[in-house]
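Just below is one structure, and these are the notes that go with it.
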Amino acid sequence: MTIDRWLSRIPIDSPSAFMKQVPTILGFGIAAIIAAVPNGVPITNGAVFVAGIALVTVASILSFVVPWRRLHPEWVVVVPTLSLLAVGLLRLGTGSSASPFVVLTLLPFVWIASEAGRINILIAALTTFVVLLAPLFVDGARNGGDVVRAFFSPVIYLIVAVVVNEIAHRMRIQLAAAHESNEKQDALLAQAVSAQNELVLNEARLKTANRLIQSIWNAVTEQSVIGTDLDGLIDVWNPGAEKMLGLTEKQVVDGKHHIIDFHLTSEIEQRLQDMDARFTTVSSVDEFSALVDTVRAGSADVRDWTYLRPDGKRVAVQVAATPRLDENGHRVGFIFVATDMTEAREFARLKDEFVGLISHELRTPLSSILGYLELMRDDEDAPLSEEQQQYLGVAERNAHRLLRLVGDLLFTAQVESGRFPLDIKDVELGGVVSASAESARPVAANAGVTLVSDVPESPLVVRGDTVRLGQAVDNLVSNALKFTPSGGTVTVSLRPDGEQAVIAVTDTGIGIPAVELSQLSQRFFRASTATRNAVPGVGLGLTITKAIVTAHGGRLDIASDEGVGTSISIVLPVETPQPVTAAIPRAEMAP
Amino acid sequence: MSDPVAVPRSKRVVIADDDDDIRGLMTIAANRAGVEIVAAVDNGKAALDAVRAGDIDLAVLDISMPGMNGVEVAEAIRADDLTRSTLILMVSASVQLLTDHGVVADRSDSFIVKPFSPRLLSTRIREMLELGEPA
């Protein structure tokens with residue numbers, strides 16, 4: 001261990017009592033050695049000399065073993081006081097006033113005088129006074145000089161004690177101030193380091209976030225993201241916009257393009273006219289209103305538009321317009337995110353085309369089959385035998401079955417495409433329910449199922465499409481008959497329930513497992529009980545029924561107990577809102 | 001292809017449908033209505049030519065035909081002063097088509113949806129031509 005390291009371990013500014021005692025111990029050690037050597041300082045009184053050595057030893061042990069800082073720190077002055085008294089004894093034992101060891105007085109004296117508190121000036125002065133006057137009392141004055149020195153020296157010591165005490169006091173203040181300053185500096189330094197670390201961390205986070213945003217930004221290649229200022233001047237242009245509209249960000253931003261440059265004028269004008277009939281001629285700023293009017297009013301706007309590329313090509317898009325905000329939440333522009341709808345619209349067109357094709361291609365041969373069957377049946381010149389009539393009936397029934405299936409498929413497609421034609425009128429539900437029951441009666445009789453119709457006498461009227469509601473009830477009754485074994489009962493009832501009308505079709509059939517109830521109205525879903533019992537069907541009836549009921553603002557309630565029966569209710573509001581879709585003229589259908 | 005049927009009647013009818021069997025069914029129904037079938041053709045152009053060629057009282061037109069469809073034939077008949085008075089009965093397998101083209105309101109006097117009953121078509125033709133019950 002080096003001296004520097006040793007010294008660094010010594011607390012110079014607040015040394016322990018023992019450390020302060022060390023110089024005194026060394027002084028006494030040297031004195032003892034000098035007294036012990038031949039021709040050194042003679043020991044004139046061995047007992048007093050030893051007492052002095054013993055006293056300083058006691059003081060030294062006390063300085064070491066007593067935890068002065070934890071006790072009253074001011075009591076540490078006991079150690080130098082005892083040491084000072086020990087110097088007095090040492091002096092008495094080595095020649096009294098002639099002893100050279102009087103100089104050892106300085107060490108404990110300075111310690112006492114430098115301790116905090118003015119009382120220590122007094123202690124230092126009085127103890128020194130005792131030490132210096134002791135030879136005078138023990139040996140008597142040898143001359144006048146001794147008397148003067150004995151009294152003069154303590155006065156000087158008193159003055160020195162005052163000075164030392166004051167200097168020590170000031171040094172302690174300065175030391176405390178320095179300590180405080182150091183602590184503040186340390187605290188500031190710690191804060192600075194912490195802030196620096198936070199800054200570094202935030203910078204790293206910012207870089208990560210920036211990289212993420214940049215990655216996302218570059219990854220959005222199938223949607224155009226265009227940012228503008230409040231007037232529509234473009235200043236943000238993502239790779240998706242570059243791909244969709246064929247211009248680079250630099251070309252658009254440097255060229256000071258306005259977002260209106262990429263819109264069809266006819267669409268903008270149409271939108272402005274829809275917004276307000278006052279718009280007859282439009283300026284640039286007004287044109288921009290067509291795009292952001294809703295956003296300015298506080299809502300996001302999603303709308304179909306057609307983008308116009310610089311090469312003249314058009315892109316069918318769906319654009320979501322939202323406000324662009326600064327760090328204080330103030331609107332500073334707009335963001336337009338556009339999705340290319342070309343393929344989606346083409347797909348919808350193809351789907352419509354396919355539905356139309358199916359409609360034509362399936363109905364046309366069925367028209368021939370049913371038409372010619374009817375001609376055969378009506379041929380008065382060659383009447384059919386009863387057996388032939390029966391065969392013809394089978395053929396007709398199956399042709400109609402196929403026709404219904406085609407109709408159901410087309411209807412489902414119409415529902416999916418959102419084109420659901422309803423002819424809304426006042427509908428007396430009693431008539432609808434009775435008609436369904438009556439038309440199903442022959443089927444019920446053939447199946448050996450009792451069909452009960454329970455309709456109130458007073459009319460129950462809702463707004464709706466008579467044919468579609470009839471179709472819905474027909475589907476439910478037809479299903480109930482299919483799933484009810486011979487000997488069972490199907491009940492179709494109508495009853496008012498507050499502001500609602502409830503048409504319930506209840507059977508004593510095979511029922512539906514509880515876990516399958518939620519899937520019943522999915523297209524082509526068939527209950528396991530249906531497939532297990534080989535009940536014919538394709539799984540469209542309930543889908544269509546639900547679609548019809550929903551379009552009338554109603555709901556379909558289904559309850560079933562496997563092996564016991566099923567009850568399905570159509571719940572319709574008595575005051576249905578206005579027609580959901582435009583009505584179409586009703587064509588006359590073949591029987 | 002055409003299937004002229006030489007049954008002289010006072011009311012003259014043109015039939016157009018690209019499906020041979022349906023056209024045959026229409027022809028039988030029209031015959032039973034007691035009208036003169038001037039032409040029974042499989043395309044719109046031939047139907048329009050037949051209407052323009054003679055004093056036709058009624059054109060029974062299928063909508064979906066190759067080339068000139070039934071709607072276009074109806075528009076051409078309506079646009080011509082000489083043929084404007086010809087009644088038009090539109091036939092289609094698709095209610096949607098009838099709706100999309102607005103034929104019910106604008107371009108035809110009546111319409112019927114496939115599959116149709118020959119009996120019903122016969123009745124409709126007589127009603128449109130005010131022929132009364134068949135003899």
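Ordering of the structure tokens sets the chain letters (A, B, ...), residue numbers begin anew at 1 in every chain, and ligands are numbered from 1 in the order given.
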task: Write out as a ChimeraX atom specification each polymer residue whose atoms come within 6 Å of stretch 107-117 of chain B, counting only C-alpha atoms; drop sequence neighbours fewer than 6 positions from it.
output: /A:367,371,590 /B:88-93
Output N, CA and C atoms for every residue in that selection, as a compact mmCIF listing (two decimals), in the first residue's frame.
# COMPACT_ATOMS: atom_id res chain seq x y z
N SER A 367 -87.40 -22.82 -67.87
CA SER A 367 -88.58 -22.26 -68.54
C SER A 367 -89.10 -23.23 -69.58
N GLY A 371 -92.57 -25.06 -69.20
CA GLY A 371 -93.50 -24.65 -70.26
C GLY A 371 -94.02 -25.83 -71.04
N ALA A 590 -94.60 -17.38 -62.91
CA ALA A 590 -95.36 -18.57 -63.30
C ALA A 590 -95.77 -19.34 -62.05
N ILE B 88 -94.98 -3.55 -77.02
CA ILE B 88 -93.80 -4.36 -76.70
C ILE B 88 -94.04 -5.14 -75.41
N LEU B 89 -93.83 -6.45 -75.50
CA LEU B 89 -93.89 -7.31 -74.32
C LEU B 89 -92.48 -7.87 -74.09
N MET B 90 -91.89 -7.45 -72.98
CA MET B 90 -90.50 -7.85 -72.71
C MET B 90 -90.47 -9.12 -71.86
N VAL B 91 -89.52 -9.97 -72.19
CA VAL B 91 -89.38 -11.22 -71.45
C VAL B 91 -87.95 -11.33 -70.94
N SER B 92 -87.81 -11.73 -69.68
CA SER B 92 -86.45 -11.95 -69.18
C SER B 92 -86.45 -12.98 -68.05
N ALA B 93 -85.31 -13.62 -67.92
CA ALA B 93 -85.16 -14.56 -66.81
C ALA B 93 -84.71 -13.84 -65.55
- prompt: Excluding same-chain residues fewer than 2 positions from stretch 112-117 of chain A, what lies within 12 Å of it counting only C-alpha atoms, as an NGL selection string?
  reply: :A and (14-15 or 17 or 20-21 or 73-84 or 105-110 or 119-128 or 157-173)
task: May I have all residues of stretch 288-521 of chain A that DSSP, computed from the backbone, assigns to alpha helix (DSSP H), given as a PyMOL selection string?
output: chain A and resi 288-296+342-378+386-416+429-447+466-482
Can you write out the residues you just picked, keeping C-alpha atoms, as a tab-separated table (two decimals), in the first residue's frame?
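What landed in again14.tsv:
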chain	number	residue	atom	x	y	z
A	288	PHE	CA	-60.59	21.35	-51.98
A	289	SER	CA	-63.64	21.70	-49.74
A	290	ALA	CA	-65.18	18.80	-51.61
A	291	LEU	CA	-62.43	16.58	-50.19
A	292	VAL	CA	-62.16	17.90	-46.64
A	293	ASP	CA	-65.52	19.42	-45.79
A	294	THR	CA	-66.41	16.52	-43.50
A	295	VAL	CA	-62.96	16.49	-41.90
A	296	ARG	CA	-63.17	20.23	-41.21
A	342	THR	CA	-59.96	-1.33	-59.18
A	343	GLU	CA	-59.78	-5.06	-58.50
A	344	ALA	CA	-62.51	-5.00	-55.85
A	345	ARG	CA	-64.89	-3.18	-58.16
A	346	GLU	CA	-64.00	-5.45	-61.04
A	347	PHE	CA	-64.65	-8.42	-58.79
A	348	ALA	CA	-68.05	-7.01	-57.79
A	349	ARG	CA	-68.85	-6.41	-61.45
A	350	LEU	CA	-67.86	-9.95	-62.36
A	351	LYS	CA	-69.90	-11.30	-59.49
A	352	ASP	CA	-72.95	-9.37	-60.67
A	353	GLU	CA	-72.30	-10.58	-64.19
A	354	PHE	CA	-72.00	-14.15	-62.94
A	355	VAL	CA	-75.23	-13.87	-60.99
A	356	GLY	CA	-76.94	-12.51	-64.09
A	357	LEU	CA	-75.50	-15.31	-66.19
A	358	ILE	CA	-76.62	-17.98	-63.75
A	359	SER	CA	-80.02	-16.38	-63.59
A	360	HIS	CA	-80.36	-16.58	-67.35
A	361	GLU	CA	-78.65	-19.87	-68.02
A	362	LEU	CA	-80.50	-21.80	-65.32
A	363	ARG	CA	-83.88	-20.21	-65.68
A	364	THR	CA	-84.00	-20.54	-69.44
A	365	PRO	CA	-83.86	-24.35	-69.58
A	366	LEU	CA	-86.22	-24.51	-66.61
A	367	SER	CA	-88.58	-22.26	-68.54
A	368	SER	CA	-88.55	-24.75	-71.38
A	369	ILE	CA	-89.07	-27.75	-69.09
A	370	LEU	CA	-91.95	-26.21	-67.16
A	371	GLY	CA	-93.50	-24.65	-70.26
A	372	TYR	CA	-93.52	-27.83	-72.27
A	373	LEU	CA	-94.72	-29.87	-69.30
A	374	GLU	CA	-97.62	-27.48	-69.04
A	375	LEU	CA	-98.31	-27.85	-72.75
A	376	MET	CA	-98.39	-31.61	-72.36
A	377	ARG	CA	-100.79	-31.37	-69.45
A	378	ASP	CA	-103.02	-28.91	-71.32
A	386	GLU	CA	-103.60	-40.85	-64.81
A	387	GLU	CA	-100.24	-42.55	-64.54
A	388	GLN	CA	-98.73	-40.13	-67.06
A	389	GLN	CA	-100.23	-37.23	-65.13
A	390	GLN	CA	-98.51	-38.58	-62.02
A	391	TYR	CA	-95.15	-38.84	-63.77
A	392	LEU	CA	-95.60	-35.34	-65.10
A	393	GLY	CA	-96.37	-34.15	-61.60
A	394	VAL	CA	-93.09	-35.55	-60.34
A	395	ALA	CA	-91.19	-33.85	-63.15
A	396	GLU	CA	-92.95	-30.54	-62.49
A	397	ARG	CA	-92.38	-30.73	-58.78
A	398	ASN	CA	-88.69	-31.31	-59.22
A	399	ALA	CA	-88.37	-28.59	-61.83
A	400	HIS	CA	-90.01	-26.17	-59.40
A	401	ARG	CA	-87.68	-27.40	-56.68
A	402	LEU	CA	-84.73	-26.60	-58.90
A	403	LEU	CA	-86.25	-23.23	-59.69
A	404	ARG	CA	-86.63	-22.44	-56.02
A	405	LEU	CA	-83.01	-23.38	-55.42
A	406	VAL	CA	-81.88	-21.09	-58.22
A	407	GLY	CA	-84.08	-18.36	-56.80
A	408	ASP	CA	-82.63	-18.87	-53.34
A	409	LEU	CA	-79.07	-18.71	-54.65
A	410	LEU	CA	-79.79	-15.53	-56.58
A	411	PHE	CA	-81.53	-14.02	-53.60
A	412	THR	CA	-78.55	-14.83	-51.39
A	413	ALA	CA	-76.25	-13.20	-53.92
A	414	GLN	CA	-78.45	-10.12	-53.94
A	415	VAL	CA	-78.31	-9.91	-50.17
A	416	GLU	CA	-74.53	-10.20	-50.25
A	429	LEU	CA	-99.61	-10.56	-41.20
A	430	GLY	CA	-102.65	-12.73	-40.44
A	431	GLY	CA	-103.19	-13.20	-44.16
A	432	VAL	CA	-99.51	-13.99	-44.74
A	433	VAL	CA	-99.44	-16.62	-41.99
A	434	SER	CA	-102.73	-18.20	-43.03
A	435	ALA	CA	-101.63	-18.37	-46.68
A	436	SER	CA	-98.38	-20.09	-45.69
A	437	ALA	CA	-100.22	-22.59	-43.53
A	438	GLU	CA	-102.78	-23.34	-46.20
A	439	SER	CA	-100.20	-23.82	-48.95
A	440	ALA	CA	-98.25	-26.20	-46.69
A	441	ARG	CA	-101.30	-28.20	-45.67
A	442	PRO	CA	-101.05	-30.78	-48.51
A	443	VAL	CA	-97.39	-31.42	-47.69
A	444	ALA	CA	-98.25	-31.80	-43.98
A	445	ALA	CA	-101.05	-34.22	-44.79
A	446	ASN	CA	-98.73	-36.33	-46.95
A	447	ALA	CA	-96.15	-36.39	-44.15
A	466	THR	CA	-95.74	-9.19	-48.58
A	467	VAL	CA	-94.02	-11.63	-50.90
A	468	ARG	CA	-90.73	-11.66	-49.00
A	469	LEU	CA	-92.43	-12.01	-45.61
A	470	GLY	CA	-94.51	-14.83	-47.06
A	471	GLN	CA	-91.30	-16.41	-48.32
A	472	ALA	CA	-89.80	-16.17	-44.82
A	473	VAL	CA	-92.83	-17.84	-43.18
A	474	ASP	CA	-92.97	-20.45	-45.97
A	475	ASN	CA	-89.33	-21.32	-45.29
A	476	LEU	CA	-89.94	-21.80	-41.58
A	477	VAL	CA	-93.09	-23.90	-42.09
A	478	SER	CA	-91.39	-25.96	-44.81
A	479	ASN	CA	-88.41	-26.60	-42.50
A	480	ALA	CA	-90.65	-27.54	-39.58
A	481	LEU	CA	-92.54	-30.06	-41.73
A	482	LYS	CA	-89.30	-31.55	-43.06
field: Separation of atom CA of A:Ala134 from atom CA of A:Ser97 in Å
entry: 8.7 Å
Members of stretch 11-94 of chain B assigned strand (DSSP E) by DSSP, as a PyMOL selection string: chain B and resi 12-16+36-41+58-62+87-92
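In terms of minimum interatomic distance to A:Met19, A:Ser63 ranks closest within A:Ala47, A:Gly487, A:Arg271, A:Ser63, counting only C-alpha atoms.
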Residue with smallest distance to chain A - pool B:Met128, B:Met65, B:Leu82, B:Ala50, counting only C-alpha atoms: B:Met65
